[in-house]
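Visitor: Sharing run-v3.txt below, compact mmCIF, C-alpha atoms:
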# COMPACT_ATOMS: atom_id res chain seq x y z
CA MET A 1 -46.08 20.46 37.65
CA LYS A 2 -46.39 16.83 36.74
CA THR A 3 -46.58 17.72 33.04
CA ASN A 4 -43.50 19.93 33.29
CA ALA A 5 -41.58 17.16 35.07
CA LEU A 6 -42.45 14.68 32.33
CA LEU A 7 -41.40 17.23 29.69
CA GLN A 8 -38.05 17.74 31.42
CA VAL A 9 -37.45 13.98 31.61
CA SER A 10 -38.31 13.62 27.92
CA LEU A 11 -35.93 16.42 26.97
CA VAL A 12 -33.14 14.82 29.01
CA ALA A 13 -33.80 11.46 27.35
CA ILE A 14 -33.71 13.03 23.89
CA LEU A 15 -30.45 14.80 24.67
CA LEU A 16 -28.89 11.56 25.93
CA ILE A 17 -30.01 9.66 22.83
CA TRP A 18 -28.70 12.45 20.58
CA ALA A 19 -25.37 12.45 22.41
CA GLY A 20 -25.07 8.67 22.06
CA VAL A 21 -25.78 8.80 18.35
CA SER A 22 -23.64 11.84 17.64
CA ARG A 23 -20.43 10.38 19.06
CA PRO A 24 -19.88 7.70 16.42
CA ILE A 25 -21.01 10.11 13.70
CA ALA A 26 -18.50 12.67 14.96
CA ALA A 27 -15.84 9.97 15.01
CA GLN A 28 -16.61 9.09 11.41
CA GLU A 29 -16.53 12.73 10.33
CA GLU A 30 -13.26 13.27 12.14
CA GLY A 31 -11.64 10.47 10.16
CA SER A 32 -13.14 11.51 6.85
CA LYS A 33 -11.86 15.08 7.23
CA GLY A 34 -8.28 13.88 7.42
CA ILE A 35 -5.92 11.84 9.57
CA LYS A 36 -2.41 13.06 10.32
CA ALA A 37 0.49 10.88 9.24
CA GLU A 38 1.60 10.55 12.88
CA VAL A 39 -1.25 8.07 13.40
CA PHE A 40 0.35 5.69 10.93
CA ILE A 41 4.13 6.13 11.34
CA GLY A 42 4.49 6.02 15.11
CA ASN A 43 6.43 2.72 14.92
CA ARG A 44 9.13 4.20 12.70
CA PRO A 45 12.47 5.04 14.35
CA ALA A 46 12.50 8.48 15.95
CA THR A 47 14.51 11.07 14.09
CA LYS A 48 18.05 11.65 15.36
CA ARG A 49 17.74 15.38 14.94
CA SER A 50 15.13 17.84 16.04
CA VAL A 51 13.38 18.91 12.87
CA ALA A 52 9.85 20.27 12.94
CA ALA A 53 8.83 18.73 9.61
CA ARG A 54 5.25 19.28 8.51
CA LYS A 55 3.38 16.00 8.44
CA PRO A 56 0.98 15.32 5.58
CA THR A 57 -2.67 14.40 5.98
CA TYR A 58 -4.41 11.27 4.73
CA LYS A 59 -7.99 11.13 3.52
CA SER A 60 -10.28 8.31 2.53
CA SER A 61 -13.27 8.15 0.21
CA GLN A 62 -14.72 5.49 2.52
CA VAL A 63 -16.60 6.05 5.78
CA VAL A 64 -13.84 6.21 8.40
CA SER A 65 -14.20 5.69 12.11
CA SER A 66 -11.53 6.92 14.50
CA ALA A 67 -12.80 4.50 17.16
CA ALA A 68 -10.77 1.53 18.38
CA PRO A 69 -10.93 -1.75 16.44
CA PRO A 70 -13.58 -4.34 17.41
CA PRO A 71 -12.94 -6.40 20.57
CA GLY A 72 -10.26 -9.04 20.07
CA LYS A 73 -8.81 -7.30 17.01
CA VAL A 74 -6.09 -4.75 16.25
CA PHE A 75 -5.49 -2.31 13.43
CA ALA A 76 -2.78 -3.51 11.04
CA GLN A 77 -1.44 -1.10 8.43
CA VAL A 78 0.73 -1.38 5.35
CA GLY A 79 1.90 1.48 3.17
CA VAL A 80 2.21 1.16 -0.60
CA THR A 81 3.68 3.70 -3.00
CA ILE A 82 3.37 3.12 -6.74
CA TRP A 83 6.27 4.85 -8.46
CA ARG A 84 5.95 5.78 -12.14
CA PHE A 85 9.08 6.40 -14.21
CA ARG A 86 9.30 9.56 -16.30
CA PRO A 87 12.22 11.24 -18.12
CA SER A 88 14.35 13.27 -15.71
CA THR A 89 14.58 17.05 -15.75
CA SER A 90 17.33 19.32 -14.44
CA ALA A 91 15.17 20.12 -11.40
CA ASP A 92 14.95 16.50 -10.23
CA LYS A 93 17.10 15.69 -7.20
CA THR A 94 16.99 11.93 -7.73
CA LYS A 95 17.60 10.11 -10.99
CA GLU A 96 18.23 6.59 -12.16
CA LEU A 97 20.21 5.48 -15.17
CA VAL A 98 18.11 2.94 -17.06
CA GLU A 99 19.61 0.66 -19.67
CA GLU A 100 17.30 -0.73 -22.32
CA GLU A 101 17.82 -3.03 -25.26
CA ASP A 102 18.73 -1.33 -28.52
CA ALA A 103 18.85 2.11 -26.86
CA GLN A 104 21.32 4.36 -25.12
CA PRO A 105 21.08 4.48 -21.29
CA THR A 106 18.82 7.33 -20.22
CA GLN A 107 18.04 9.07 -16.95
CA TRP A 108 14.64 8.64 -15.35
CA SER A 109 13.03 9.98 -12.18
CA LEU A 110 10.31 8.26 -10.19
CA GLU A 111 7.12 10.06 -9.22
CA ARG A 112 4.23 9.05 -6.97
CA ILE A 113 0.86 8.12 -8.38
CA ALA A 114 -2.40 7.36 -6.59
CA GLU A 115 -3.68 3.82 -6.33
CA GLY A 116 -6.15 3.36 -9.19
CA THR A 117 -4.24 5.52 -11.69
CA LEU A 118 -4.55 3.93 -15.13
CA LEU A 119 -1.20 2.79 -16.50
CA ALA A 120 -0.41 2.98 -20.20
CA PRO A 121 1.17 0.02 -22.04
CA GLY A 122 4.94 0.40 -21.96
CA GLN A 123 4.89 2.37 -18.69
CA LYS A 124 7.67 1.54 -16.21
CA VAL A 125 6.70 1.23 -12.53
CA ARG A 126 8.15 0.12 -9.21
CA LEU A 127 6.39 -0.51 -5.90
CA GLY A 128 7.52 0.57 -2.45
CA ILE A 129 5.99 -1.40 0.45
CA GLU A 130 6.34 -0.63 4.18
CA SER A 131 4.80 -2.60 7.04
CA LEU A 132 3.75 0.21 9.37
CA SER A 133 2.34 -1.66 12.35
CA ARG A 134 4.12 -4.99 12.73
CA ASP A 135 7.36 -6.84 12.13
CA GLY A 136 7.11 -9.90 9.95
CA TYR A 137 7.72 -11.46 6.58
CA LEU A 138 6.54 -9.87 3.33
CA TYR A 139 5.11 -11.85 0.42
CA VAL A 140 3.68 -10.43 -2.82
CA VAL A 141 1.62 -12.57 -5.20
CA ASN A 142 0.71 -11.34 -8.69
CA ARG A 143 -2.17 -12.38 -10.96
CA GLU A 144 -3.43 -11.19 -14.31
CA GLN A 145 -7.03 -9.99 -14.20
CA TYR A 146 -9.30 -10.18 -17.23
CA ALA A 147 -12.31 -8.20 -18.39
CA ASP A 148 -14.74 -10.91 -17.21
CA GLY A 149 -13.35 -10.69 -13.65
CA SER A 150 -11.40 -13.96 -13.81
CA PHE A 151 -7.72 -14.32 -12.92
CA GLY A 152 -4.64 -15.97 -14.35
CA ASP A 153 -2.07 -18.04 -12.48
CA ALA A 154 -0.87 -16.74 -9.13
CA ARG A 155 2.88 -16.14 -9.03
CA LEU A 156 5.05 -15.19 -6.07
CA ILE A 157 6.99 -12.17 -7.32
CA PHE A 158 8.50 -11.45 -3.89
CA PRO A 159 10.59 -12.95 -2.48
CA THR A 160 12.51 -14.88 -5.13
CA LYS A 161 15.97 -16.40 -5.13
CA ARG A 162 17.23 -12.96 -6.18
CA THR A 163 16.13 -11.57 -2.80
CA PRO A 164 19.05 -11.37 -0.31
CA GLU A 165 18.78 -13.70 2.68
CA GLY A 166 16.35 -12.16 5.14
CA GLY A 167 15.38 -9.57 2.55
CA ASN A 168 11.67 -10.20 3.02
CA SER A 169 11.74 -9.38 6.73
CA VAL A 170 9.92 -6.09 7.27
CA LYS A 171 9.21 -3.48 9.93
CA ALA A 172 8.17 0.15 10.15
CA GLY A 173 10.70 2.41 8.47
CA LYS A 174 12.07 -0.27 6.16
CA ILE A 175 10.96 0.09 2.54
CA VAL A 176 10.99 -2.92 0.26
CA TYR A 177 11.11 -2.01 -3.43
CA ILE A 178 9.61 -4.47 -5.89
CA PRO A 179 11.47 -5.03 -8.07
CA GLY A 180 14.64 -3.79 -6.43
CA ALA A 181 16.52 -0.89 -7.99
CA PRO A 182 17.54 -0.43 -10.74
CA ARG A 183 14.98 -2.93 -12.13
CA TYR A 184 11.35 -2.11 -12.90
CA PHE A 185 8.10 -3.60 -14.17
CA ARG A 186 6.98 -2.66 -17.66
CA ILE A 187 3.22 -2.63 -18.27
CA LYS A 188 2.61 -5.08 -21.08
CA PRO A 189 -0.92 -6.50 -21.34
CA SER A 190 -0.91 -10.07 -22.60
CA GLN A 191 -2.50 -10.82 -25.94
CA THR A 192 -5.58 -12.77 -24.92
CA SER A 193 -9.19 -12.83 -26.07
CA LYS A 194 -10.27 -12.43 -22.43
CA GLY A 195 -8.94 -8.86 -22.33
CA HIS A 196 -6.08 -8.32 -19.88
CA VAL A 197 -7.22 -5.28 -17.86
CA ALA A 198 -5.02 -5.28 -14.73
CA GLU A 199 -2.39 -6.91 -12.59
CA VAL A 200 -3.65 -7.64 -9.08
CA LEU A 201 -1.10 -7.87 -6.28
CA THR A 202 -1.86 -9.71 -3.04
CA VAL A 203 0.34 -8.28 -0.27
CA LEU A 204 0.83 -10.38 2.85
CA VAL A 205 2.72 -9.59 6.06
CA SER A 206 2.95 -12.66 8.29
CA SER A 207 4.60 -13.19 11.67
CA GLN A 208 5.85 -16.58 10.40
CA PRO A 209 7.34 -17.64 7.04
CA LEU A 210 4.66 -18.80 4.61
CA VAL A 211 6.87 -20.28 1.88
CA ASP A 212 9.87 -22.58 2.21
CA ALA A 213 12.85 -20.54 1.05
CA ALA A 214 14.37 -23.68 -0.50
CA ARG A 215 11.52 -23.73 -3.04
CA LEU A 216 12.27 -20.26 -4.38
CA SER A 217 13.81 -19.84 -7.82
CA MET A 218 15.19 -16.94 -9.82
CA SER A 219 11.83 -16.45 -11.55
CA PRO A 220 8.47 -16.11 -9.75
CA MET A 221 7.16 -19.45 -8.52
CA VAL A 222 3.56 -20.51 -9.08
CA ILE A 223 1.33 -20.47 -5.99
CA GLU A 224 -1.40 -23.10 -6.14
CA ARG A 225 -4.85 -21.57 -6.51
CA ALA A 226 -6.09 -23.56 -3.50
CA GLN A 227 -3.26 -22.16 -1.36
CA LEU A 228 -4.05 -18.56 -2.27
CA GLU A 229 -7.76 -19.13 -1.68
CA THR A 230 -6.96 -20.56 1.76
CA TRP A 231 -4.93 -17.46 2.65
CA GLU A 232 -7.72 -15.19 1.41
CA LYS A 233 -10.38 -17.09 3.33
CA GLN A 234 -8.30 -17.19 6.49
CA TRP A 235 -6.98 -13.62 6.52
CA GLY A 236 -8.95 -11.63 3.97
CA ALA A 237 -10.64 -8.50 5.32
CA THR A 238 -12.00 -5.33 3.78
CA PRO A 239 -9.40 -2.59 4.24
CA THR A 240 -9.88 1.14 4.63
CA LYS A 241 -7.71 2.90 2.07
CA PHE A 242 -6.11 6.27 2.84
CA GLU A 243 -4.48 8.46 0.20
CA MET A 244 -1.87 11.08 1.12
CA GLU A 245 -2.96 14.60 0.25
CA GLY A 246 -0.61 16.45 -2.09
CA GLY A 247 1.61 13.46 -2.71
CA VAL A 248 0.74 12.65 -6.31
CA GLY A 249 3.48 13.83 -8.66
CA GLN A 250 6.16 14.18 -5.99
CA THR A 251 9.46 12.67 -7.06
CA MET A 252 11.37 10.17 -4.96
CA SER A 253 13.37 11.83 -2.21
CA GLU A 254 17.04 11.19 -1.52
CA GLN A 255 16.09 9.34 1.67
CA GLU A 256 13.66 7.08 -0.18
CA GLN A 257 16.20 6.38 -2.88
CA ALA A 258 18.84 5.52 -0.29
CA ALA A 259 16.42 3.15 1.40
CA GLY A 260 16.11 1.31 -1.91
CA TYR A 261 19.83 0.94 -2.52
CA LEU A 262 21.02 0.46 1.06
CA ASN A 263 19.34 -2.53 2.66
CA ASN A 264 20.08 -1.32 6.20
CA SER A 265 18.75 2.21 5.63
CA GLU A 266 15.48 3.04 7.40
CA LEU A 267 13.14 6.00 7.18
CA THR A 268 12.46 7.95 10.36
CA GLN A 269 9.28 9.67 11.51
CA ASN A 270 10.36 12.95 9.90
CA GLU A 271 10.99 11.46 6.47
CA PRO A 272 8.61 10.83 3.55
CA VAL A 273 5.59 8.61 4.15
CA PRO A 274 3.79 6.12 1.86
CA GLN A 275 1.36 7.44 -0.73
CA THR A 276 -1.40 4.93 0.03
CA ILE A 277 -2.11 3.23 3.35
CA TYR A 278 -4.31 0.18 3.83
CA ARG A 279 -5.72 -0.40 7.32
CA VAL A 280 -7.47 -3.60 8.37
CA ALA A 281 -8.89 -4.83 11.68
CA ILE A 282 -7.57 -8.34 12.27
CA LYS A 283 -6.80 -10.76 15.08
CA PRO A 284 -3.32 -10.11 16.53
CA GLU A 285 -2.05 -13.53 15.42
CA ASP A 286 -3.39 -13.26 11.85
CA ALA A 287 -1.44 -12.20 8.79
CA LEU A 288 -2.23 -8.89 7.14
CA LEU A 289 -3.59 -9.42 3.61
CA VAL A 290 -4.62 -6.70 1.14
CA THR A 291 -4.95 -6.55 -2.65
CA VAL A 292 -3.47 -3.75 -4.75
CA PRO A 293 -4.67 -3.44 -8.37
CA LEU A 294 -2.55 -2.01 -11.18
CA ARG A 295 -5.15 -1.13 -13.82
CA PHE A 296 -4.38 -0.55 -17.47
CA ALA A 297 -5.51 2.30 -19.67
CA SER A 298 -7.32 1.25 -22.84
CA PRO A 299 -4.99 1.31 -25.86
CA LYS A 300 -5.52 4.16 -28.27
CA PRO A 301 -7.32 3.34 -31.53
CA GLY A 302 -4.99 2.05 -34.19
CA ARG A 303 -2.44 0.74 -31.67
CA ASN A 304 -1.83 -2.86 -30.61
Please go through the file and, once you have read it, give me the structure as structure tokens.
Guide:
Amino acid sequence: MKTNALLQVSLVAILLIWAGVSRPIAAQEEGSKGIKAEVFIGNRPATKRSVAARKPTYKSSQVVSSAAPPPGKVFAQVGVTIWRFRPSTSADKTKELVEEEDAQPTQWSLERIAEGTLLAPGQKVRLGIESLSRDGYLYVVNREQYADGSFGDARLIFPTKRTPEGGNSVKAGKIVYIPGAPRYFRIKPSQTSKGHVAEVLTVLVSSQPLVDAARLSMSPMVIERAQLETWEKQWGATPTKFEMEGGVGQTMSEQEQAAGYLNNSELTQNEPVPQTIYRVAIKPEDALLVTVPLRFASPKPGRN
């Protein structure tokens, strides 16, 4: 009887230990199998009409936990969509007329690509950024990255003096396009012996302004290396990256296009969501800071 009692106690203890271990594992598996978009876009304005739109799913190649953030911290999330220009077809619902030097204006449509997609020299791109979890002020710093891992000068590409007053204030549902339509970035690796392999964007969402608006100019201003390093040391955290399933290749919707041209237009919970979402656990008072690389494809042999 005594032996049986000990055996029963041991079995109970094993079951309790197994249950305690299995919960976080189950939480991780739940996140890695897919997270519904509703988790990320709950702060967007509610739709004005009752439409049962199917919400996409996000997945991550990282180990994902669906548990709450660590004590004293909150989850902060920012959505980024990299839009690649391609020649329009008759089936495209949205198009942009692009004027180029020494060429007739042509129509282009914008399609989603995944973060990490290699970009060919000459490729036109635009970024869409949405702060999903907090109101604040958006800043985007750009640096050249070289083959040896070093970086060039840091330049504030958003906001600039071109940005309308208050144009860098952000909230869920408001998309900020960089550069604003109809402009775009053209991938053009610099001619350097170091080997220009990428542009690295540092995206910050702060509750307070970080740069004196009076210092802004029409062209991107240089951010001192020490200043950027201070921001990274103070607010840098490893994000979990989520990629929307089935989004790659989708062209810009009419709602997304309108949000780019109409500054007061906001996306609702039933409208398209960002392609890539970065989630970080930070202190509530801290700024959100993530880096987004735009990597270049190697030039084909025989081409400069």
Visitor: Tell me, as a list in words, which residues lie within 6 Å of stretch 245-262 of chain A, counting all atoms listed in the file; anything in the same chain fewer than 6 positions away does not count.
Guide: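 What passes the distance filter is Thr57, Tyr58, Leu110, Glu111, Arg112 and Ile113 of chain A.
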Visitor: What's the 7 Å shell around A:Pro87, counting all atoms listed in the file, without same-chain residues fewer than 3 positions away, as a CSV table (one decimal) with C-alpha atoms, in the coordinates of the input?
Guide:
chain,number,residue,atom,x,y,z
A,107,GLN,CA,18.0,9.1,-17.0
A,108,TRP,CA,14.6,8.6,-15.4
A,109,SER,CA,13.0,10.0,-12.2
Visitor: Name the residues, using the chain letters and numbers of the file, that sit within 12 Å of (2.7, 4.5, 16.6) when counting all atoms listed in the file, and give them as a list in words.
Guide: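 Residues found, by chain and rising number: Lys36, Ala37, Glu38, Val39, Phe40, Ile41, Gly42, Asn43, Arg44, Pro45, Ala46, Phe75, Ala76, Gln77, Leu132, Ser133, Arg134, Ala172, Gly173 and Gln269 of chain A.
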Visitor: For A:Met218, list every protein, DNA or RNA residue within 10 Å, evaluated using only C-alpha atoms, and leave out those in the same chain fewer than 6 positions away; present the list as a list in words.
Guide: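 After dropping sequence-adjacent residues, the list is Ile157, Pro159, Thr160, Lys161, Arg162 and Thr163 of chain A.
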Visitor: Out of A:Val273, A:Leu119, A:Ala297, A:Val200, which residue has the shortest atom-to-atom distance to A:Phe85 when counting all atoms listed in the file?
Guide: A:Leu119
Visitor: Hey, can you pull every residue with an atom no more than 12 Å from (-10.7, -9.0, 0.9), using all atoms listed in the file, and send it as a compact mmCIF listing (two decimals) with C-alpha atoms, keeping the file's coordinate frame?
Guide:
# COMPACT_ATOMS: atom_id res chain seq x y z
CA THR A 202 -1.86 -9.71 -3.04
CA VAL A 203 0.34 -8.28 -0.27
CA LEU A 204 0.83 -10.38 2.85
CA GLU A 229 -7.76 -19.13 -1.68
CA TRP A 231 -4.93 -17.46 2.65
CA GLU A 232 -7.72 -15.19 1.41
CA LYS A 233 -10.38 -17.09 3.33
CA GLN A 234 -8.30 -17.19 6.49
CA TRP A 235 -6.98 -13.62 6.52
CA GLY A 236 -8.95 -11.63 3.97
CA ALA A 237 -10.64 -8.50 5.32
CA THR A 238 -12.00 -5.33 3.78
CA PRO A 239 -9.40 -2.59 4.24
CA THR A 240 -9.88 1.14 4.63
CA TYR A 278 -4.31 0.18 3.83
CA ARG A 279 -5.72 -0.40 7.32
CA VAL A 280 -7.47 -3.60 8.37
CA ALA A 281 -8.89 -4.83 11.68
CA ILE A 282 -7.57 -8.34 12.27
CA LEU A 288 -2.23 -8.89 7.14
CA LEU A 289 -3.59 -9.42 3.61
CA VAL A 290 -4.62 -6.70 1.14
CA THR A 291 -4.95 -6.55 -2.65
CA VAL A 292 -3.47 -3.75 -4.75
Visitor: Under the rule that only C-alpha atoms are counted, which of A:Val64, A:Phe158, A:Leu138, A:Arg54 is the nearest residue to A:Ser217?
Guide: A:Phe158
Visitor: If I wrap all listed atoms of stretch 185-201 of chain A in a box with edges along x, y and z and add 6 Å on each side, what are its centre and edge lengths in Å to one decimal, as AutoDock Vina command-line options?
Guide:
--center_x -1.1 --center_y -7.7 --center_z -16.2 --size_x 30.4 --size_y 22.2 --size_z 31.8
Visitor: Could you work out how far atom CA of A:Ser207 lies from atom CA of A:Glu285, giving the answer in Å with one decimal?
Guide: 7.6 Å
Visitor: How many Å separate atom CA of A:Ile178 from atom CA of A:Val205?
Guide: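 Between atom CA of A:Ile178 and atom CA of A:Val205 the gap is 14.7 Å.
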Visitor: So, with only C-alpha atoms as the atoms that count, which of A:Glu165, A:Glu115, A:Glu266, A:Asp148 lies closest to A:Val197?
Guide: A:Asp148
Visitor: Please report the interatomic distance between atom CA of A:Thr106 and atom CA of A:Trp83 in Å with one decimal.
Guide: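 Going from atom CA of A:Thr106 over to atom CA of A:Trp83 covers 17.4 Å.
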Visitor: Looking at all atoms listed in the file, which of A:Thr81, A:Gln191, A:Asn270, A:Ser88 is the one that sits closest to A:Val125?
Guide: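 Of the candidates, the smallest distance to A:Val125 is held by A:Thr81.
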Visitor: Contacts between stretch 92-101 of chain A and stretch 139-223 of chain A, please, where a residue of stretch 139-223 of chain A counts if it comes within 10 Å (with all atoms listed in the file); show its shortest atom pair and distance in Å to one decimal, rows by chain and ascending number, as a Markdown table.
Guide:
| residue | atom | partner | partner_atom | distance |
| --- | --- | --- | --- | --- |
| A:Ala181 | CA | A:Glu96 | CA | 8.7 |
| A:Pro182 | CA | A:Val98 | CA | 7.2 |
| A:Arg183 | CA | A:Val98 | CA | 8.3 |
| A:Tyr184 | CA | A:Val98 | CA | 9.4 |
Visitor: Give me, as a list in words, all polymer residues having an atom no more than 6 Å from A:Glu144, counting all atoms listed in the file and skipping those fewer than 6 positions away in the same chain.
Guide: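 Non-adjacent residues within range: Phe151, Gly152 and Glu199 of chain A.
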Visitor: Select, from A:Ile277, A:Leu201, A:Val211, A:Leu216, the residue with the minimum atom-to-atom distance to A:Arg143, counting all atoms listed in the file.
Guide: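 The answer is A:Leu201, which sits nearest to A:Arg143.
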